[in-house]
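Asks: I am sharing run.txt, which consists of compact mmCIF, C-alpha atoms:
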# COMPACT_ATOMS: atom_id res chain seq x y z
CA MET A 212 61.25 -52.86 -66.12
CA ILE A 213 61.14 -49.11 -65.94
CA LEU A 214 57.37 -49.29 -65.97
CA SER A 215 57.31 -51.67 -63.05
CA LYS A 216 59.64 -49.45 -61.00
CA SER A 217 57.56 -46.33 -61.52
CA ARG A 218 54.43 -48.13 -60.41
CA ALA A 219 56.21 -49.37 -57.28
CA SER A 220 57.70 -46.01 -56.34
CA GLY A 221 54.58 -43.78 -56.89
CA PRO A 222 51.43 -43.67 -54.79
CA ARG A 223 48.67 -45.99 -55.62
CA THR A 224 45.79 -44.02 -57.13
CA SER A 225 42.91 -45.33 -59.14
CA VAL A 226 42.82 -43.14 -62.23
CA PRO A 227 40.11 -44.03 -64.67
CA PRO A 228 41.09 -44.27 -68.26
CA VAL A 229 40.80 -41.08 -70.21
CA ASN A 230 38.79 -42.61 -73.00
CA GLU A 231 36.30 -44.37 -70.69
CA ALA A 232 33.35 -42.27 -69.49
CA PRO A 233 31.35 -43.46 -66.48
CA GLY A 234 28.13 -45.20 -67.52
CA PRO A 235 24.70 -44.33 -66.37
CA GLU A 236 24.66 -47.25 -63.98
CA SER A 237 27.56 -45.82 -62.02
CA ARG A 238 25.79 -42.41 -61.29
CA PRO A 239 23.52 -42.16 -58.18
CA PRO A 240 19.87 -41.34 -59.01
CA ALA A 241 18.97 -37.69 -58.54
CA PRO A 242 16.23 -37.07 -55.92
CA MET A 243 12.79 -35.96 -57.19
CA PRO A 244 12.03 -32.28 -56.43
CA VAL A 245 9.29 -31.88 -53.78
CA PRO A 246 7.14 -28.79 -54.25
CA ASP A 247 7.15 -26.50 -51.25
CA ARG A 248 3.49 -25.70 -50.58
CA ARG A 249 4.29 -23.22 -47.86
CA ALA A 250 6.63 -21.23 -50.05
CA ALA A 251 4.26 -20.95 -52.99
CA PRO A 252 1.37 -18.61 -52.08
CA ARG A 253 -2.13 -19.67 -52.94
CA ARG A 254 -3.39 -17.91 -56.02
CA PRO A 255 -6.61 -16.03 -55.47
CA SER A 256 -9.67 -17.08 -57.33
CA GLY A 257 -10.08 -15.30 -60.60
CA ASP A 258 -13.86 -14.95 -60.11
CA PRO A 259 -14.72 -13.93 -56.53
CA VAL A 260 -18.37 -13.27 -57.41
CA LYS A 261 -18.99 -16.89 -58.42
CA ALA A 262 -18.94 -18.20 -54.84
CA LEU A 263 -21.28 -15.42 -53.72
CA LEU A 264 -23.64 -16.24 -56.57
CA HIS A 265 -23.67 -19.89 -55.56
CA ARG A 266 -24.39 -18.97 -51.95
CA HIS A 267 -27.29 -16.65 -52.83
CA ARG A 268 -28.59 -18.40 -55.93
CA ASP A 269 -32.18 -18.60 -54.69
CA LEU A 270 -32.25 -14.87 -54.01
CA CYS A 271 -30.76 -14.03 -57.40
CA GLU A 272 -33.08 -16.36 -59.32
CA GLN A 273 -36.28 -15.10 -57.67
CA ALA A 274 -35.40 -11.40 -57.83
CA VAL A 275 -37.18 -9.27 -60.38
CA ASP A 276 -34.45 -6.63 -60.57
CA ALA A 277 -30.99 -5.84 -59.25
CA LEU A 278 -32.25 -3.58 -56.46
CA GLU A 279 -34.17 -6.44 -54.92
CA ILE A 280 -30.94 -8.45 -54.82
CA ALA A 281 -29.16 -5.48 -53.26
CA ALA A 282 -31.83 -5.28 -50.57
CA GLY A 283 -31.50 -8.98 -49.88
CA LEU A 284 -27.72 -8.75 -49.63
CA GLU A 285 -28.06 -5.79 -47.30
CA ALA A 286 -30.41 -7.83 -45.11
CA GLN A 287 -27.74 -10.55 -44.93
CA GLY A 288 -25.20 -8.06 -43.59
CA ILE A 289 -23.26 -7.37 -46.80
CA THR A 290 -22.12 -3.75 -46.83
CA ASP A 291 -20.21 -1.58 -49.28
CA ARG A 292 -16.98 -2.56 -47.53
CA THR A 293 -17.83 -6.22 -48.11
CA ALA A 294 -18.63 -5.48 -51.75
CA ALA A 295 -15.13 -4.05 -52.17
CA ARG A 296 -13.73 -7.52 -51.52
CA PHE A 297 -15.64 -8.68 -54.58
CA ARG A 298 -14.11 -5.86 -56.69
CA HIS A 299 -17.20 -3.63 -56.65
CA ARG A 300 -17.62 -0.11 -55.35
CA ASP A 301 -20.91 -0.77 -53.51
CA VAL A 302 -23.63 -3.34 -52.87
CA PHE A 303 -25.79 -2.10 -55.73
CA SER A 304 -23.01 -2.60 -58.30
CA LEU A 305 -22.42 -6.10 -56.94
CA ALA A 306 -26.15 -6.85 -57.17
CA GLU A 307 -26.22 -5.73 -60.79
CA GLU A 308 -23.53 -8.24 -61.70
CA LEU A 309 -25.28 -11.02 -59.77
CA TYR A 310 -28.55 -10.22 -61.52
CA ALA A 311 -26.85 -10.23 -64.91
CA ARG A 312 -25.15 -13.57 -64.29
CA VAL A 313 -28.29 -15.50 -63.38
CA PRO A 314 -29.47 -17.38 -66.49
CA ARG A 315 -33.03 -16.58 -67.50
CA THR A 316 -35.03 -18.24 -70.21
CA GLY A 317 -36.87 -16.47 -72.95
CA GLU A 318 -40.24 -17.34 -71.43
CA SER A 319 -39.44 -15.58 -68.18
CA ARG A 320 -38.36 -12.49 -70.13
CA ALA A 321 -41.54 -12.55 -72.17
CA GLU A 322 -43.71 -12.51 -69.03
CA PRO A 323 -41.80 -10.60 -66.38
CA LYS A 324 -43.12 -10.27 -62.88
CA PRO A 325 -44.26 -6.84 -61.71
CA ALA A 326 -41.28 -5.19 -60.05
CA LEU A 327 -41.88 -4.57 -56.34
CA PRO A 328 -45.71 -4.41 -56.30
CA VAL A 329 -47.09 -1.46 -54.37
CA PRO A 330 -49.39 -2.46 -51.48
CA ARG A 331 -53.04 -1.93 -52.30
CA ILE A 332 -55.85 -0.60 -50.17
CA ARG A 333 -57.91 -3.50 -48.88
CA ALA A 334 -61.40 -3.14 -47.47
CA ALA A 335 -60.58 -5.70 -44.76
CA TRP A 336 -57.89 -3.69 -42.99
CA ALA A 337 -59.54 -0.34 -43.75
CA LEU A 338 -62.71 -1.42 -41.93
CA SER A 339 -61.01 -3.39 -39.17
CA SER A 340 -58.93 -0.35 -38.20
CA LEU A 341 -62.18 1.50 -37.44
CA LEU A 342 -63.60 -1.15 -35.11
CA PRO A 343 -61.50 -0.32 -32.01
CA GLY A 344 -62.50 3.32 -32.22
CA ILE A 345 -66.18 2.45 -32.60
CA ALA A 346 -66.00 0.11 -29.60
CA ALA A 347 -64.22 2.77 -27.54
CA ALA A 348 -66.81 5.41 -28.44
CA ALA A 349 -69.62 3.04 -27.43
CA THR A 350 -67.86 2.27 -24.15
CA ALA A 351 -67.35 5.95 -23.36
CA ALA A 352 -71.01 6.66 -24.06
CA GLY A 353 -72.07 3.70 -21.91
CA THR A 354 -70.03 4.86 -18.92
CA ARG A 355 -71.60 8.32 -19.18
CA VAL A 356 -75.18 7.11 -18.93
CA THR A 357 -74.64 4.52 -16.20
CA HIS A 358 -73.63 4.77 -12.56
CA GLY A 359 -72.24 2.54 -9.83
CA GLN A 360 -71.87 -1.16 -10.52
CA PRO A 361 -73.40 -1.07 -14.04
CA ARG A 362 -70.79 1.50 -15.02
CA LEU A 363 -67.97 -0.82 -13.96
CA LEU A 364 -69.53 -3.72 -15.88
CA VAL A 365 -69.91 -1.59 -19.01
CA ALA A 366 -66.30 -0.41 -18.70
CA ALA A 367 -64.97 -3.96 -18.22
CA ALA A 368 -66.97 -5.34 -21.16
CA GLY A 369 -65.91 -2.41 -23.32
CA ILE A 370 -62.23 -2.94 -22.55
CA VAL A 371 -62.50 -6.60 -23.57
CA VAL A 372 -64.23 -5.70 -26.86
CA ILE A 373 -61.66 -2.97 -27.59
CA ALA A 374 -58.80 -5.40 -26.96
CA LEU A 375 -60.28 -8.01 -29.31
CA ALA A 376 -60.97 -5.43 -32.02
CA THR A 377 -57.44 -4.01 -31.73
CA ARG A 378 -55.93 -7.47 -31.98
CA ALA A 379 -57.91 -8.16 -35.14
CA ALA A 380 -56.92 -4.80 -36.65
CA LEU A 381 -53.22 -5.40 -36.04
CA ARG A 382 -53.28 -8.81 -37.72
CA THR A 383 -54.17 -7.42 -41.16
CA GLY A 384 -53.12 -4.47 -43.21
CA PRO A 385 -49.97 -2.34 -43.17
CA LEU A 386 -49.58 -2.57 -39.37
CA ALA A 387 -49.36 -6.36 -39.45
CA VAL A 388 -46.05 -8.19 -39.50
CA ARG A 389 -45.13 -8.67 -43.18
CA THR A 390 -43.17 -11.90 -42.88
CA GLY A 391 -43.94 -15.38 -41.64
CA PRO A 392 -43.70 -16.74 -38.10
CA ARG A 393 -40.39 -16.78 -36.33
CA ARG A 394 -38.90 -18.04 -33.09
CA PRO A 395 -39.91 -15.78 -30.20
CA ARG A 396 -37.20 -13.86 -28.39
CA PRO A 397 -37.03 -13.32 -24.61
CA TRP A 398 -37.89 -9.62 -24.77
CA GLU A 399 -40.95 -10.04 -27.01
CA GLY A 400 -43.23 -11.38 -24.27
CA SER A 401 -43.04 -8.04 -22.44
CA LEU A 402 -44.21 -5.96 -25.41
CA LEU A 403 -47.90 -6.47 -24.60
CA ALA A 404 -47.37 -5.82 -20.89
CA TRP A 405 -45.52 -2.55 -21.49
CA THR A 406 -48.15 -1.37 -23.98
CA LEU A 407 -51.02 -2.14 -21.61
CA TRP A 408 -49.26 -0.30 -18.80
CA LEU A 409 -48.74 2.81 -20.94
CA LEU A 410 -52.37 2.82 -22.06
CA GLY A 411 -53.57 2.24 -18.51
CA TYR A 412 -51.46 5.12 -17.28
CA ALA A 413 -52.95 7.36 -19.95
CA LEU A 414 -56.38 6.45 -18.60
CA PHE A 415 -55.76 6.54 -14.84
CA GLY A 416 -52.14 7.67 -14.30
CA ASP A 417 -52.48 11.43 -13.89
CA GLY A 418 -55.37 11.10 -11.43
CA LEU A 419 -53.58 8.39 -9.47
CA LEU A 420 -50.36 10.43 -9.26
CA HIS A 421 -52.31 13.43 -8.01
CA ASP A 422 -53.93 11.30 -5.30
CA VAL A 423 -50.58 9.81 -4.30
CA LEU A 424 -49.01 13.25 -3.94
CA THR A 425 -51.95 14.49 -1.85
CA GLY A 426 -52.01 11.57 0.56
CA GLY A 427 -54.25 9.09 -1.28
CA PRO A 428 -55.58 7.10 -2.89
CA ASP A 429 -58.43 6.21 -0.59
CA THR A 430 -60.82 4.60 -3.08
CA LEU A 431 -60.69 2.66 -6.33
CA PRO A 432 -61.54 4.36 -9.64
CA ASP A 433 -65.23 4.44 -10.46
CA GLY A 434 -64.87 5.56 -14.09
CA ALA A 435 -66.17 9.05 -13.45
CA PRO A 436 -64.10 11.97 -14.82
CA ASP A 437 -64.93 14.08 -11.74
CA GLY A 438 -64.46 11.37 -9.09
CA GLU A 439 -61.80 11.13 -6.43
CA TRP A 440 -59.65 9.19 -8.91
CA PRO A 441 -60.43 11.01 -12.18
CA THR A 442 -60.37 8.96 -15.37
CA ALA A 443 -59.01 10.59 -18.56
CA THR A 444 -61.52 9.27 -21.09
CA ALA A 445 -60.84 11.79 -23.87
CA PRO A 446 -57.16 10.89 -24.53
CA ALA A 447 -57.92 7.17 -24.27
CA LEU A 448 -60.75 7.50 -26.80
CA ALA A 449 -58.61 9.60 -29.14
CA LEU A 450 -55.74 7.11 -29.02
CA THR A 451 -58.11 4.28 -29.91
CA LEU A 452 -59.65 6.24 -32.76
CA ALA A 453 -56.13 7.05 -33.99
CA LEU A 454 -55.60 3.42 -34.97
CA ALA A 455 -57.27 4.15 -38.32
CA PRO A 456 -54.97 7.10 -39.18
CA ALA A 457 -52.01 5.00 -38.05
CA ALA A 458 -52.97 2.26 -40.52
CA TRP A 459 -53.32 4.75 -43.36
CA CYS A 460 -50.00 6.41 -42.54
CA ALA A 461 -48.31 3.02 -42.47
CA HIS A 462 -49.87 2.27 -45.87
CA LEU A 463 -48.58 5.56 -47.28
CA LEU A 464 -45.12 4.77 -45.95
CA ALA A 465 -45.08 1.27 -47.46
CA ALA A 466 -46.46 2.39 -50.83
CA GLY A 467 -44.12 5.36 -51.10
CA ALA A 468 -41.13 3.26 -50.11
CA ARG A 469 -41.90 0.65 -52.79
CA ARG A 470 -42.17 3.34 -55.46
CA ARG A 471 -38.91 4.92 -54.41
CA LEU A 472 -37.28 1.51 -54.22
CA ALA A 473 -38.24 0.81 -57.82
CA GLY A 474 -36.96 4.18 -59.04
CA SER A 475 -33.73 4.41 -57.06
CA ARG A 476 -30.32 3.95 -58.63
CA GLY A 477 -28.65 2.74 -55.46
CA LEU A 478 -29.07 2.09 -51.77
CA GLU A 479 -27.93 5.56 -50.76
CA ASP A 480 -30.42 7.14 -53.16
CA PHE A 481 -33.24 5.14 -51.62
CA THR A 482 -32.21 6.08 -48.08
CA ALA A 483 -32.10 9.76 -48.99
CA ALA A 484 -35.60 9.52 -50.50
CA ALA A 485 -37.11 7.36 -47.76
CA ARG A 486 -36.08 9.53 -44.82
CA PRO A 487 -38.34 12.51 -45.65
CA LEU A 488 -41.12 10.03 -46.47
CA LEU A 489 -40.86 8.56 -42.98
CA LEU A 490 -40.82 11.97 -41.32
CA GLY A 491 -43.75 13.15 -43.45
CA THR A 492 -46.00 10.24 -42.56
CA PHE A 493 -45.02 10.57 -38.90
CA ALA A 494 -45.95 14.26 -38.90
CA LEU A 495 -49.23 13.44 -40.68
CA PHE A 496 -50.16 10.99 -37.93
CA LEU A 497 -49.37 13.52 -35.21
CA GLY A 498 -51.62 16.06 -36.92
CA ALA A 499 -54.49 13.56 -37.15
CA LEU A 500 -54.01 12.56 -33.50
CA ALA A 501 -54.01 16.19 -32.37
CA ALA A 502 -57.29 16.80 -34.20
CA LEU A 503 -58.83 13.71 -32.60
CA LEU A 504 -57.67 14.80 -29.15
CA LEU A 505 -59.23 18.24 -29.56
CA ALA A 506 -62.48 16.77 -30.88
CA CYS A 507 -62.76 14.16 -28.13
CA GLY A 508 -61.92 16.69 -25.43
CA ARG A 509 -64.60 19.06 -26.66
CA GLY A 510 -67.17 16.30 -27.12
CA LEU A 511 -66.63 14.79 -23.67
CA GLY A 512 -66.02 18.06 -21.86
CA GLU A 513 -62.56 17.01 -20.65
CA PRO A 514 -59.03 18.33 -21.11
CA ALA A 515 -57.49 17.24 -24.42
CA ALA A 516 -54.24 16.21 -22.68
CA LEU A 517 -52.19 17.07 -25.75
CA PRO A 518 -48.62 16.72 -24.37
CA GLN A 519 -48.93 13.27 -22.82
CA ALA A 520 -51.31 11.84 -25.42
CA LEU A 521 -49.31 13.08 -28.43
CA THR A 522 -46.05 11.67 -27.10
CA LEU A 523 -47.71 8.35 -26.24
CA GLY A 524 -49.32 8.12 -29.68
CA ALA A 525 -46.02 8.87 -31.38
CA LEU A 526 -44.29 6.21 -29.28
CA LEU A 527 -46.90 3.56 -30.04
CA LEU A 528 -46.90 4.30 -33.78
CA LEU A 529 -43.11 4.09 -34.11
CA ALA A 530 -43.02 0.92 -32.03
CA ARG A 531 -45.68 -0.71 -34.21
CA LEU A 532 -43.94 0.29 -37.44
CA LEU A 533 -40.70 -1.28 -36.23
CA ILE A 534 -42.50 -4.41 -35.04
CA ALA A 535 -44.29 -4.72 -38.38
CA HIS A 536 -40.88 -4.77 -40.08
CA ARG A 537 -39.53 -7.37 -37.64
CA HIS A 538 -37.48 -4.97 -35.51
CA ARG A 539 -38.75 -6.01 -32.09
CA ARG A 540 -35.86 -5.56 -29.71
CA ALA A 541 -35.67 -1.77 -29.74
CA PRO A 542 -39.44 -1.24 -29.24
CA ALA A 543 -39.47 -3.70 -26.33
CA LEU A 544 -36.57 -1.96 -24.60
CA VAL A 545 -37.86 1.57 -25.18
CA LEU A 546 -41.46 0.80 -24.22
CA GLY A 547 -40.18 -0.91 -21.09
CA ALA A 548 -38.05 2.10 -20.18
CA ALA A 549 -41.03 4.46 -20.51
CA ALA A 550 -43.28 2.18 -18.45
CA VAL A 551 -40.66 1.76 -15.72
CA THR A 552 -40.21 5.54 -15.57
CA GLU A 553 -43.93 6.05 -14.98
CA ALA A 554 -44.00 3.27 -12.38
CA VAL A 555 -41.04 4.81 -10.54
CA ALA A 556 -42.78 8.20 -10.55
CA LEU A 557 -45.71 6.58 -8.73
CA ALA A 558 -43.55 4.57 -6.36
CA LEU A 559 -41.22 7.34 -5.18
CA PRO A 560 -43.93 9.45 -3.42
CA LEU A 561 -45.24 6.32 -1.74
CA ALA A 562 -41.72 5.40 -0.60
CA GLY A 563 -41.27 8.97 0.65
CA ARG A 564 -43.94 8.33 3.28
CA LEU A 565 -41.61 5.97 5.10
CA PRO A 566 -39.64 7.35 8.05
CA HIS A 567 -36.54 9.29 7.05
CA CYS A 568 -37.28 8.72 3.33
CA HIS A 569 -39.01 11.98 2.43
CA LEU A 570 -36.19 12.91 0.04
CA LEU A 571 -37.24 10.11 -2.31
CA ALA A 572 -40.40 11.99 -3.25
CA LEU A 573 -38.57 15.28 -3.85
CA PRO A 574 -37.80 14.81 -7.61
CA VAL A 575 -41.40 13.91 -8.48
CA ARG A 576 -42.85 16.68 -6.32
CA THR A 577 -40.52 19.24 -7.84
CA LEU A 578 -41.45 18.18 -11.36
CA THR A 579 -45.20 18.14 -10.72
CA ASP A 580 -45.16 21.43 -8.81
CA THR A 581 -43.40 23.07 -11.75
CA LEU A 582 -45.10 21.47 -14.76
CA GLY A 583 -47.99 19.47 -13.34
CA GLU A 584 -48.78 15.74 -13.28
CA PRO A 585 -48.90 15.44 -17.11
CA ALA A 586 -45.17 16.21 -17.23
CA VAL A 587 -44.30 12.69 -16.04
CA PRO A 588 -45.85 10.75 -18.97
CA ALA A 589 -44.95 13.51 -21.42
CA LEU A 590 -41.26 13.33 -20.55
CA ALA A 591 -41.18 9.54 -20.31
CA CYS A 592 -43.02 8.89 -23.58
CA GLY A 593 -41.48 11.86 -25.38
CA THR A 594 -37.91 10.73 -24.66
CA ALA A 595 -38.77 7.17 -25.67
CA ALA A 596 -40.48 8.34 -28.86
CA LEU A 597 -37.44 10.43 -29.81
CA ALA A 598 -35.16 7.43 -29.31
CA LEU A 599 -37.40 5.24 -31.49
CA LEU A 600 -37.61 7.95 -34.15
CA LEU A 601 -33.82 8.02 -34.40
CA HIS A 602 -33.73 4.24 -34.57
CA ALA A 603 -36.46 4.16 -37.23
CA GLY A 604 -34.52 6.73 -39.25
CA ARG A 605 -31.68 4.21 -39.51
CA THR A 606 -33.66 1.00 -39.99
CA LEU A 607 -36.89 1.86 -41.83
CA THR A 608 -35.00 3.88 -44.45
CA ARG A 609 -32.98 0.86 -45.59
CA ALA A 610 -33.95 -0.96 -48.75
CA SER A 611 -34.03 -4.31 -46.96
CA ALA A 612 -36.86 -3.04 -44.72
CA HIS A 613 -39.25 -2.60 -47.65
CA ALA A 614 -38.13 -5.07 -50.31
CA PRO A 615 -40.04 -8.39 -50.45
CA THR A 616 -36.83 -10.29 -49.78
CA GLY A 617 -35.79 -8.23 -46.79
CA ALA A 618 -35.82 -9.96 -43.43
CA PRO A 619 -34.47 -7.67 -40.81
CA GLU A 620 -34.01 -8.64 -37.21
How would this structure read if it were set down as structure tokens?

Replies:
Amino acid sequence: MILSKSRASGPRTSVPPVNEAPGPESRPPAPMPVPDRRAAPRRPSGDPVKALLHRHRDLCEQAVDALEIAAGLEAQGITDRTAARFRHRDVFSLAEELYARVPRTGESRAEPKPALPVPRIRAAWALSSLLPGIAAAATAAGTRVTHGQPRLLVAAAGIVVIALATRAALRTGPLAVRTGPRRPRPWEGSLLAWTLWLLGYALFGDGLLHDVLTGGPDTLPDGAPDGEWPTATAPALALTLALAPAAWCAHLLAAGARRRLAGSRGLEDFTAAARPLLLGTFALFLGALAALLLACGRGLGEPAALPQALTLGALLLLARLLIAHRHRRAPALVLGAAAVTEAVALALPLAGRLPHCHLLALPVRTLTDTLGEPAVPALACGTAALALLLHAGRTLTRASAHAPTGAPE
């Protein structure tokens, strides 16, 4: 009775028994934890060199030493800053690890390939480099013993033979392009045109500029050095004969670079050793060209034209060295700038003959009155040659320019 009254008077609450614990069926299931992918940062790979090795496996397997791999990586645009991402201080250290990781069998170690073979002297390119000079000498002699129309025919035939001989000489030897064919670029078609203009100006330019400044020209060139439009045969002959020294200087540069590449301990060491080699071979060529100019001038009884011919020879040599190592853009631009400068120097005096345009001829007249007509090609080719020399000092002193795997632009 008392129990029934207490239940009626108190609030109704459902109190579970003390001795009864809730079963597992009465608990709601706990949700499964979902991993937060954004919160957890991605762990970096423990071996960053492995992906690089997979990407350049062909280069690493075919290389004969670590420096060849370093040159190939440098040609692909990998610098010391890039090597730091792979936990190495420079490209050469990274190349050493790549070379060590490539598996090599015992047979390949027993018969190793010769490391970076030095280019050899071949009779083919040594003789072919002499042919343009021989053809030019025969043409110069033929124009001296003929007159009138036969002289023009001899000159035209000689120019064709010289062009064919020069083309054959540039297809073999150290002045030839080392690598296989490639897709032509827009600026490469103008290389031949600029070169022909510069050579033509060396032959006729000074005489034509003199005639333009004095009111001419009234006649076409007849090939005579003492005609109304004098032809500079001595510098043209010397430049053609200089193709042989240019080939030998290019061979010395390639051979010396390969030896220094094999003995260097890093890319910076090779660059420091290759720069004086480049400057030495360049100076050797200028000395040989100066001797040829003096000899041809004395033999033909003409001025040696040292300033304009030396600067043009230096420009053509540097341009050919860069082209041979597949650096074509800079030579095309620089040769074009020199040719346009010479063309403008001829055009301004002609434009100054128009009414109220006499000021256009003032810069050229001032320059020629002070230094003479040879100052125009000397300044144009000299400035261009200096620009190419600075560019060659940065590109031809890299390991990728001389290693077999290098493929510069």

Asks: With only C-alpha atoms as the counted atoms, please give the residues lying no more than 10 Å from Leu452 (chain A), apart from itself and same-chain residues fewer than 3 positions off, as number ranges by chain.

Replies: A: 340-348, 446-449, 455-457, 499-500, 503-504, 507

Asks: Could the residues in this selection be written to a file with C-alpha atoms, as a short mmCIF file (atom, residue, chain, number, x, y, z; two decimals), in the frame of the given file?

Replies:
data_model
loop_
_atom_site.label_atom_id
_atom_site.label_comp_id
_atom_site.auth_asym_id
_atom_site.auth_seq_id
_atom_site.Cartn_x
_atom_site.Cartn_y
_atom_site.Cartn_z
CA SER A 340 -58.93 -0.35 -38.20
CA LEU A 341 -62.18 1.50 -37.44
CA LEU A 342 -63.60 -1.15 -35.11
CA PRO A 343 -61.50 -0.32 -32.01
CA GLY A 344 -62.50 3.32 -32.22
CA ILE A 345 -66.18 2.45 -32.60
CA ALA A 346 -66.00 0.11 -29.60
CA ALA A 347 -64.22 2.77 -27.54
CA ALA A 348 -66.81 5.41 -28.44
CA PRO A 446 -57.16 10.89 -24.53
CA ALA A 447 -57.92 7.17 -24.27
CA LEU A 448 -60.75 7.50 -26.80
CA ALA A 449 -58.61 9.60 -29.14
CA ALA A 455 -57.27 4.15 -38.32
CA PRO A 456 -54.97 7.10 -39.18
CA ALA A 457 -52.01 5.00 -38.05
CA ALA A 499 -54.49 13.56 -37.15
CA LEU A 500 -54.01 12.56 -33.50
CA LEU A 503 -58.83 13.71 -32.60
CA LEU A 504 -57.67 14.80 -29.15
CA CYS A 507 -62.76 14.16 -28.13
#

Asks: Hey, could you make a per-residue contact list for region 405-516 of chain A against region 550-556 of chain A with 7 Å as the cut-off, showing the nearest pair of atoms and its distance in Å to one decimal, counting all atoms listed in the file, sorted by chain and number, as a tab-separated table?

Replies:
residue	atom	partner	partner_atom	distance
A:Trp405	CA	A:Ala550	CA	6.1
A:Trp408	CA	A:Ala550	CA	6.5
A:Leu409	CA	A:Ala550	CA	6.0

Asks: Using all atoms listed in the file, find the one residue out of A:Val423, A:Leu410, A:Leu402, A:Leu561 that sits nearest to Ala543 (chain A).

Replies: A:Leu402

Asks: If we count all atoms listed in the file, what is near Ala368 (chain A) at a cut-off of 9 Å, once residues fewer than 5 positions away on the same chain are taken out, given as a count of residues only?

Replies: 3

Asks: For Leu600 (chain A), which residue out of A:Ala380, A:Leu464, A:Ala541, A:Val356 is the nearest one, using all atoms listed in the file?

Replies: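 Once distances to Leu600 (chain A) are computed over all atoms listed in the file, the minimum belongs to A:Ala541.
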
Asks: Interatomic distance between CA of Ala572 (chain A) and CA of Phe415 (chain A)?

Replies: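 Pair CA of Ala572 (chain A) / CA of Phe415 (chain A) returns 20.0 Å.
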
Asks: Smallest atom-to-atom distance to Leu424 (chain A): which of A:Arg471, A:Arg531, A:Arg564, A:His462, using all atoms listed in the file?

Replies: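 Residue with the minimum atom-to-atom distance to Leu424 (chain A): A:Arg564.
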
Asks: At a cut-off of 8 Å, using only C-alpha atoms, what residues contact Ala525 (chain A)? Leave out same-chain residues fewer than 2 positions from it and give the result as a compact mmCIF listing (two decimals) with C-alpha atoms, in the coordinates of the input.

Replies:
# COMPACT_ATOMS: atom_id res chain seq x y z
CA PHE A 493 -45.02 10.57 -38.90
CA LEU A 497 -49.37 13.52 -35.21
CA LEU A 521 -49.31 13.08 -28.43
CA THR A 522 -46.05 11.67 -27.10
CA LEU A 523 -47.71 8.35 -26.24
CA LEU A 527 -46.90 3.56 -30.04
CA LEU A 528 -46.90 4.30 -33.78
CA LEU A 529 -43.11 4.09 -34.11
CA ALA A 596 -40.48 8.34 -28.86

Asks: Show me, as a PyMOL selection string, the residues that have an atom within 9 Å of Ala445 (chain A) when counting only C-alpha atoms, minus same-chain residues fewer than 3 positions from it.

Replies: chain A and resi 351+414+442+448-450+504-516

Asks: Kindly extract all protein, DNA and RNA residues lying within 12 Å of the coordinates (-55.2, 8.5, 0.0) given in the file, considering all atoms listed in the file, and supply them as an MDAnalysis selection string.

Replies: chainID A and resid 418:431 439:440 560:561 564

Asks: Report the distance between CA of Glu584 (chain A) and CA of Gly547 (chain A) in Å, rounded to one decimal place.

Replies: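 For CA of Glu584 (chain A) relative to CA of Gly547 (chain A), the distance reads 20.3 Å.
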
Asks: From the list A:Ala366, A:Val575, A:Leu472, A:Ala337, which residue is nearest Ala349 (chain A) when using all atoms listed in the file?

Replies: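 Answer, going by the shortest atom-to-atom distance: A:Ala366.
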
Asks: Smallest atom-to-atom distance to Ala586 (chain A): which of A:Asp417, A:Glu285, A:Asp480, A:Glu307, using all atoms listed in the file?

Replies: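 Between A:Asp417, A:Glu285, A:Asp480, A:Glu307, the residue approaching Ala586 (chain A) most closely is A:Asp417.
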
Asks: Looking at all atoms listed in the file, which of A:Phe297, A:Trp336, A:Tyr412, A:Phe481 is the one that sits closest to Gly384 (chain A)?

Replies: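 Ranking A:Phe297, A:Trp336, A:Tyr412, A:Phe481 by distance to Gly384 (chain A), first place goes to A:Trp336.
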
Asks: Please report the interatomic distance between CA of Leu284 (chain A) and CA of Arg605 (chain A) in Å with one decimal.

Replies: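 For CA of Leu284 (chain A) relative to CA of Arg605 (chain A), the distance reads 16.9 Å.
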
Asks: Got a sec to check which residues sit within 6 Å of (-40.3, -3.1, -44.7), counting all atoms listed in the file, and write them as a tab-separated table (two decimals) with C-alpha atoms, keeping the file's coordinate frame?

Replies:
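Writing done, so here's out22.tsv:
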chain	number	residue	atom	x	y	z
A	536	HIS	CA	-40.88	-4.77	-40.08
A	612	ALA	CA	-36.86	-3.04	-44.72
A	613	HIS	CA	-39.25	-2.60	-47.65

Asks: Could you add whatever atoms are missing so that region 281-286 of chain A carries N, CA and C atoms, then write the result as a PDB file, keeping the file's coordinate frame?

Replies:
ATOM      1  N   ALA A 281     -29.933  -6.346 -54.158  1.00  0.00           N
ATOM      2  CA  ALA A 281     -29.160  -5.480 -53.260  1.00  0.00           C
ATOM      3  C   ALA A 281     -29.811  -5.395 -51.884  1.00  0.00           C
ATOM      4  N   ALA A 282     -31.131  -5.310 -51.850  1.00  0.00           N
ATOM      5  CA  ALA A 282     -31.830  -5.280 -50.570  1.00  0.00           C
ATOM      6  C   ALA A 282     -31.653  -6.585 -49.809  1.00  0.00           C
ATOM      7  N   GLY A 283     -31.715  -7.695 -50.534  1.00  0.00           N
ATOM      8  CA  GLY A 283     -31.500  -8.980 -49.880  1.00  0.00           C
ATOM      9  C   GLY A 283     -30.092  -9.146 -49.351  1.00  0.00           C
ATOM     10  N   LEU A 284     -29.107  -8.694 -50.109  1.00  0.00           N
ATOM     11  CA  LEU A 284     -27.720  -8.750 -49.630  1.00  0.00           C
ATOM     12  C   LEU A 284     -27.515  -7.842 -48.424  1.00  0.00           C
ATOM     13  N   GLU A 285     -28.158  -6.695 -48.448  1.00  0.00           N
ATOM     14  CA  GLU A 285     -28.060  -5.790 -47.300  1.00  0.00           C
ATOM     15  C   GLU A 285     -28.675  -6.413 -46.062  1.00  0.00           C
ATOM     16  N   ALA A 286     -29.788  -7.144 -46.243  1.00  0.00           N
ATOM     17  CA  ALA A 286     -30.410  -7.830 -45.110  1.00  0.00           C
ATOM     18  C   ALA A 286     -29.529  -8.927 -44.550  1.00  0.00           C
TER      19      ALA A 286
END
